[in-house]
Amino acid sequence: MSTVDYTITSPIALSTQNNRHLLALTIAWHPDLARIGDQYIGGTEAGVIELSRFIPSFQQINGDALPIGHGGISRDPVRIVRDGSDGITICPPNSRMVVEVNGKEIQDITYLSAEQIEAGAILCLGRAVFVCIHWMRCLPKYNPVDGFLGVGSSAIQTRDLIRLAATSDNTVLLLGETGTGKEVAAQGIHNLSKRNTHKMVSVNMAALNESLAAADLFGATRGAYTGAQTTRDGFFSEAQNSTLFLDEIGNTPSTVQPMLLRVLENGEYRPLGATRDARSSARLITATDQDLYDDSFNHALLRRLESFIIRIPPLRARREDIGLLIRHLLQNNSISSVDATQIPHSLINDMLNFDWPGNIRQMGNVFKRALLSIQMGEFPQLANIVERPKMAMATSVELRQPQTIAPTAPHASPTAAVSIVTPSKLNQATSDYAPTERKKLRDLTEQDVVDAMERHNWTIQYAADDLGISRPSMYKLIENNSQIRRIEQIPAQEIQNQFELANKHVELCASRLKTPSEALRRHLKGLGWIA
């Protein structure tokens, strides 16, 4: 089977003559959960990708090629223009569809630098479908590793290294931040190796008692130390003919490090109190989130551990995979009965745009709390449940904000001069994205509700999100609000007059009438005034 059999058909050759990356579009979230992870792979040169309900076609390995297809996506395309310096210009469509880039609604032509694409840019269409724009350093490839999900090049290349490490018995050192999935990688190496008929033995080196660490690892004879009433086997003995995973290797007690050095050198070790050596056939995999290259760690031991190094990328370096991980968490959730339709657009938006300093572990824990909150009828906001200072959340968004180009026409040329982001503009972005302090439901005034509706084009769901309350609670506030009108109570002539004055723009008409835009849209459809 050739390499081509493992790849998605792409409009480019399998190899290129330059070092420029492929521009990829990955569906990061879709109402049809099966579509999450579908990709369109562009070329390496400057060009234009048109993105609409019907083009281009996205697919997964061995999957059908399908357009986005969702009814809330405009037929008029968003134009994604790549220039010669790998900057990306996004031209919104000539339609009413809401377009957001990295969590911020845009109406003008918007520019993203090559560095922002490197970090993954999240394009939201119609507050329904999220697409990650990112670079790919290889073509999509079928190289599964149980538990290690992802369709981006970082995930693909990491799985390649895991599969390669499984073909030998070399010691492996897994490096990466906390929560990136180092134990998943270790288990993957073991499962793909010839040792997979035996259970992998896992040890957290940080949890070992320093005085008993040697006995835990290498075993001890009866009477070898106070309290040793029987002979005990150590972890190296337990892992005979299998894999021994030493997590948090950077926390290994200094007294034990020379002992590990010996067993790595020739496979021999001596249990405490024994008169002869034992021999280990265990394959060693180690992991750490620490810098082992300082003076606190035995450098001779380090040289033996680094026989094969795999660096597990942080989640912020594989933003295109976040949607897949959210879907996995949702489908494997056993603590609540929430389905995808109940998850607010704003929560998905924030999760895709957050940098996750605690990586997959943090995201998983936060998402579980969000599901429980939804099950209780609440409307969760990431800023209120993430275990991190709220302003830090704002900062992670600010650094990814695009630059806008004020057009002189609805489709101004993407080659127009790009506006410069000055410190004052960056400060303004900070205030725009810093989470605001939420009032309790009983403290919300009529004007608070009206202001929230005005900020969100009189859309109930998004106004509720803004106020941090559930949709049912928002309905009650609207019903009891003397300033907000029910559509059936507004004279038909007034509706017609305001609709004409608003140039037949539903949201603007809703603002003039002070009535929810969803009800107004249904009413106008019933009258045959809009399709």
# chains A, B, ... in the order shown; residues from 1 in each chain; ligands from 1
>>> residues_around(residues="Ser281 (chain A)", least_positions_apart="6", cutoff="10 Å", atoms="only C-alpha atoms", output="number ranges by chain")
A: 169, 236-237, 239-244, 263, 267-268
>>> residues_around(residues="region 295-299 of chain A", least_positions_apart="2", cutoff="8 Å", atoms="only C-alpha atoms", output="NGL selection string")
:A and (250 or 254 or 257-258 or 292-293 or 301-303)
>>> atom_distance(atom1="CA of Ala28 (chain A)", atom2="CA of Ile88 (chain A)")
18.7 Å
>>> select_by_dssp(residues="region 12-198 of chain A", states="strand (DSSP E or B)", output="JSON, numbers by chain")
{"A": [22, 23, 24, 25, 26, 27, 28, 29, 39, 40, 41, 47, 48, 49, 50, 51, 58, 59, 66, 78, 79, 80, 81, 82, 88, 89, 90, 91, 99, 100, 101, 104, 105, 106, 109, 110, 111, 112, 121, 122, 123, 124, 125, 129, 130, 131, 132, 133, 134, 135, 136, 172, 173, 174, 175]}
>>> residues_around(residues="Tyr111 (chain A)", least_positions_apart="5", cutoff="7 Å", atoms="only C-alpha atoms", output="list of chain:residue names")
A:Ile88, A:Thr89, A:Ile90, A:Pro402, A:Gln403, A:Thr404
>>> residues_around(residues="Ile343 (chain A)", least_positions_apart="5", cutoff="12 Å", atoms="only C-alpha atoms", output="MDAnalysis selection string")
chainID A and resid 29:31 128 326:327 330 337:338 348:351 367:368 370:375 377:381 461 465 470:471
>>> closest_residue(among="A:Asn266, A:Thr110, A:Thr288, A:Asn480", to="Leu175 (chain A)", atoms="only C-alpha atoms")
A:Thr288
>>> closest_residue(among="A:Leu212, A:Phe235, A:Asp277, A:Ala220", to="Thr255 (chain A)", atoms="only C-alpha atoms")
A:Leu212
>>> residues_around(residues="Ala215 (chain A)", least_positions_apart="3", cutoff="10 Å", atoms="only C-alpha atoms", output="PyMOL selection string")
chain A and resi 209-212+218-221+224-225+228+232-235+256+270-273
>>> write_last_selection(atoms="N, CA and C atoms", output="mmCIF file, in the first residue's frame")
data_model
loop_
_atom_site.group_PDB
_atom_site.id
_atom_site.type_symbol
_atom_site.label_atom_id
_atom_site.label_comp_id
_atom_site.auth_asym_id
_atom_site.auth_seq_id
_atom_site.Cartn_x
_atom_site.Cartn_y
_atom_site.Cartn_z
ATOM 1 N N ASN A 209 7.572 7.761 47.971
ATOM 2 C CA ASN A 209 8.226 8.164 49.223
ATOM 3 C C ASN A 209 9.730 8.025 49.040
ATOM 4 N N GLU A 210 10.466 9.119 49.297
ATOM 5 C CA GLU A 210 11.905 9.101 48.998
ATOM 6 C C GLU A 210 12.631 7.967 49.717
ATOM 7 N N SER A 211 12.251 7.666 50.951
ATOM 8 C CA SER A 211 12.956 6.630 51.706
ATOM 9 C C SER A 211 12.619 5.228 51.222
ATOM 10 N N LEU A 212 11.472 5.088 50.551
ATOM 11 C CA LEU A 212 11.050 3.759 50.085
ATOM 12 C C LEU A 212 11.068 3.644 48.560
ATOM 13 N N PHE A 218 12.689 -1.385 42.788
ATOM 14 C CA PHE A 218 13.545 -2.565 42.574
ATOM 15 C C PHE A 218 13.207 -3.749 43.468
ATOM 16 N N GLY A 219 12.313 -3.563 44.444
ATOM 17 C CA GLY A 219 11.949 -4.646 45.341
ATOM 18 C C GLY A 219 12.863 -4.717 46.555
ATOM 19 N N ALA A 220 12.527 -5.584 47.479
ATOM 20 C CA ALA A 220 13.322 -5.721 48.707
ATOM 21 C C ALA A 220 13.091 -7.106 49.302
ATOM 22 N N THR A 221 14.110 -7.599 49.993
ATOM 23 C CA THR A 221 13.993 -8.878 50.686
ATOM 24 C C THR A 221 13.418 -8.642 52.080
ATOM 25 N N ALA A 224 14.941 -6.188 54.901
ATOM 26 C CA ALA A 224 15.869 -5.243 54.257
ATOM 27 C C ALA A 224 15.776 -3.860 54.882
ATOM 28 N N TYR A 225 14.631 -3.523 55.454
ATOM 29 C CA TYR A 225 14.466 -2.242 56.139
ATOM 30 C C TYR A 225 13.389 -2.434 57.196
ATOM 31 N N ALA A 228 9.872 -4.300 56.761
ATOM 32 C CA ALA A 228 9.862 -5.232 55.618
ATOM 33 C C ALA A 228 9.735 -6.653 56.146
ATOM 34 N N ARG A 232 9.274 -8.463 48.784
ATOM 35 C CA ARG A 232 8.361 -7.770 47.869
ATOM 36 C C ARG A 232 9.034 -7.551 46.526
ATOM 37 N N ASP A 233 8.243 -7.674 45.478
ATOM 38 C CA ASP A 233 8.730 -7.370 44.136
ATOM 39 C C ASP A 233 8.575 -5.875 43.867
ATOM 40 N N GLY A 234 9.445 -5.344 43.075
ATOM 41 C CA GLY A 234 9.350 -3.940 42.693
ATOM 42 C C GLY A 234 8.682 -3.785 41.337
ATOM 43 N N PHE A 235 8.561 -2.547 40.896
ATOM 44 C CA PHE A 235 7.910 -2.265 39.622
ATOM 45 C C PHE A 235 8.677 -2.842 38.440
ATOM 46 N N VAL A 256 17.853 7.674 43.955
ATOM 47 C CA VAL A 256 17.428 6.589 43.069
ATOM 48 C C VAL A 256 17.982 6.756 41.651
ATOM 49 N N ARG A 270 19.742 -4.521 41.744
ATOM 50 C CA ARG A 270 19.789 -5.365 42.941
ATOM 51 C C ARG A 270 18.697 -4.927 43.917
ATOM 52 N N PRO A 271 17.725 -5.809 44.210
ATOM 53 C CA PRO A 271 16.708 -5.477 45.212
ATOM 54 C C PRO A 271 17.357 -5.184 46.563
ATOM 55 N N LEU A 272 16.724 -4.324 47.353
ATOM 56 C CA LEU A 272 17.277 -3.988 48.669
ATOM 57 C C LEU A 272 17.401 -5.251 49.527
ATOM 58 N N GLY A 273 18.591 -5.440 50.112
ATOM 59 C CA GLY A 273 18.833 -6.587 50.986
ATOM 60 C C GLY A 273 19.204 -7.853 50.263
#
>>> atom_distance(atom1="CA of Asn457 (chain A)", atom2="CA of Ile495 (chain A)")
16.7 Å
>>> residues_around(residues="region 519-522 of chain A", least_positions_apart="6", cutoff="10 Å", atoms="only C-alpha atoms", output="short mmCIF file (atom, residue, chain, number, x, y, z; two decimals) with N, CA and C atoms, in the first residue's frame")
data_model
loop_
_atom_site.label_atom_id
_atom_site.label_comp_id
_atom_site.auth_asym_id
_atom_site.auth_seq_id
_atom_site.Cartn_x
_atom_site.Cartn_y
_atom_site.Cartn_z
N TRP A 458 -31.22 41.91 19.02
CA TRP A 458 -32.51 41.45 19.51
C TRP A 458 -32.69 39.94 19.34
N THR A 459 -31.58 39.22 19.51
CA THR A 459 -31.61 37.75 19.48
C THR A 459 -31.59 37.24 20.91
N ILE A 460 -32.62 36.51 21.31
CA ILE A 460 -32.81 36.11 22.70
C ILE A 460 -31.65 35.28 23.23
N ARG A 486 -44.47 42.40 22.30
CA ARG A 486 -44.77 41.13 21.66
C ARG A 486 -45.19 41.41 20.22
N ILE A 487 -44.71 40.62 19.28
CA ILE A 487 -44.93 40.91 17.87
C ILE A 487 -46.42 40.94 17.52
N GLU A 488 -47.23 40.08 18.18
CA GLU A 488 -48.65 40.03 17.86
C GLU A 488 -49.40 41.27 18.36
N ILE A 495 -45.41 47.68 11.61
CA ILE A 495 -44.37 46.71 11.22
C ILE A 495 -43.91 46.96 9.80
N HIS A 505 -34.13 45.00 6.62
CA HIS A 505 -33.15 44.30 7.47
C HIS A 505 -33.88 43.91 8.76
N VAL A 506 -34.02 42.60 8.99
CA VAL A 506 -34.87 42.12 10.08
C VAL A 506 -34.37 42.59 11.44
N GLU A 507 -33.06 42.47 11.69
CA GLU A 507 -32.54 42.82 13.01
C GLU A 507 -32.69 44.31 13.30
N CYS A 509 -34.99 46.25 12.01
CA CYS A 509 -36.42 46.45 12.21
C CYS A 509 -36.81 46.02 13.63
N ALA A 510 -36.25 44.92 14.10
CA ALA A 510 -36.54 44.45 15.46
C ALA A 510 -36.11 45.47 16.49
N LEU A 513 -38.61 48.30 16.52
CA LEU A 513 -39.88 47.90 17.12
C LEU A 513 -39.75 47.45 18.57
N GLY A 528 -45.24 36.50 4.08
CA GLY A 528 -44.68 36.36 2.75
C GLY A 528 -43.76 37.50 2.36
N TRP A 529 -43.33 38.30 3.34
CA TRP A 529 -42.47 39.46 3.04
C TRP A 529 -41.00 39.07 2.91
N ILE A 530 -40.62 37.95 3.53
CA ILE A 530 -39.26 37.44 3.37
C ILE A 530 -39.36 35.95 3.11
N ALA A 531 -38.28 35.39 2.52
CA ALA A 531 -38.28 33.95 2.19
C ALA A 531 -37.89 33.14 3.41
#
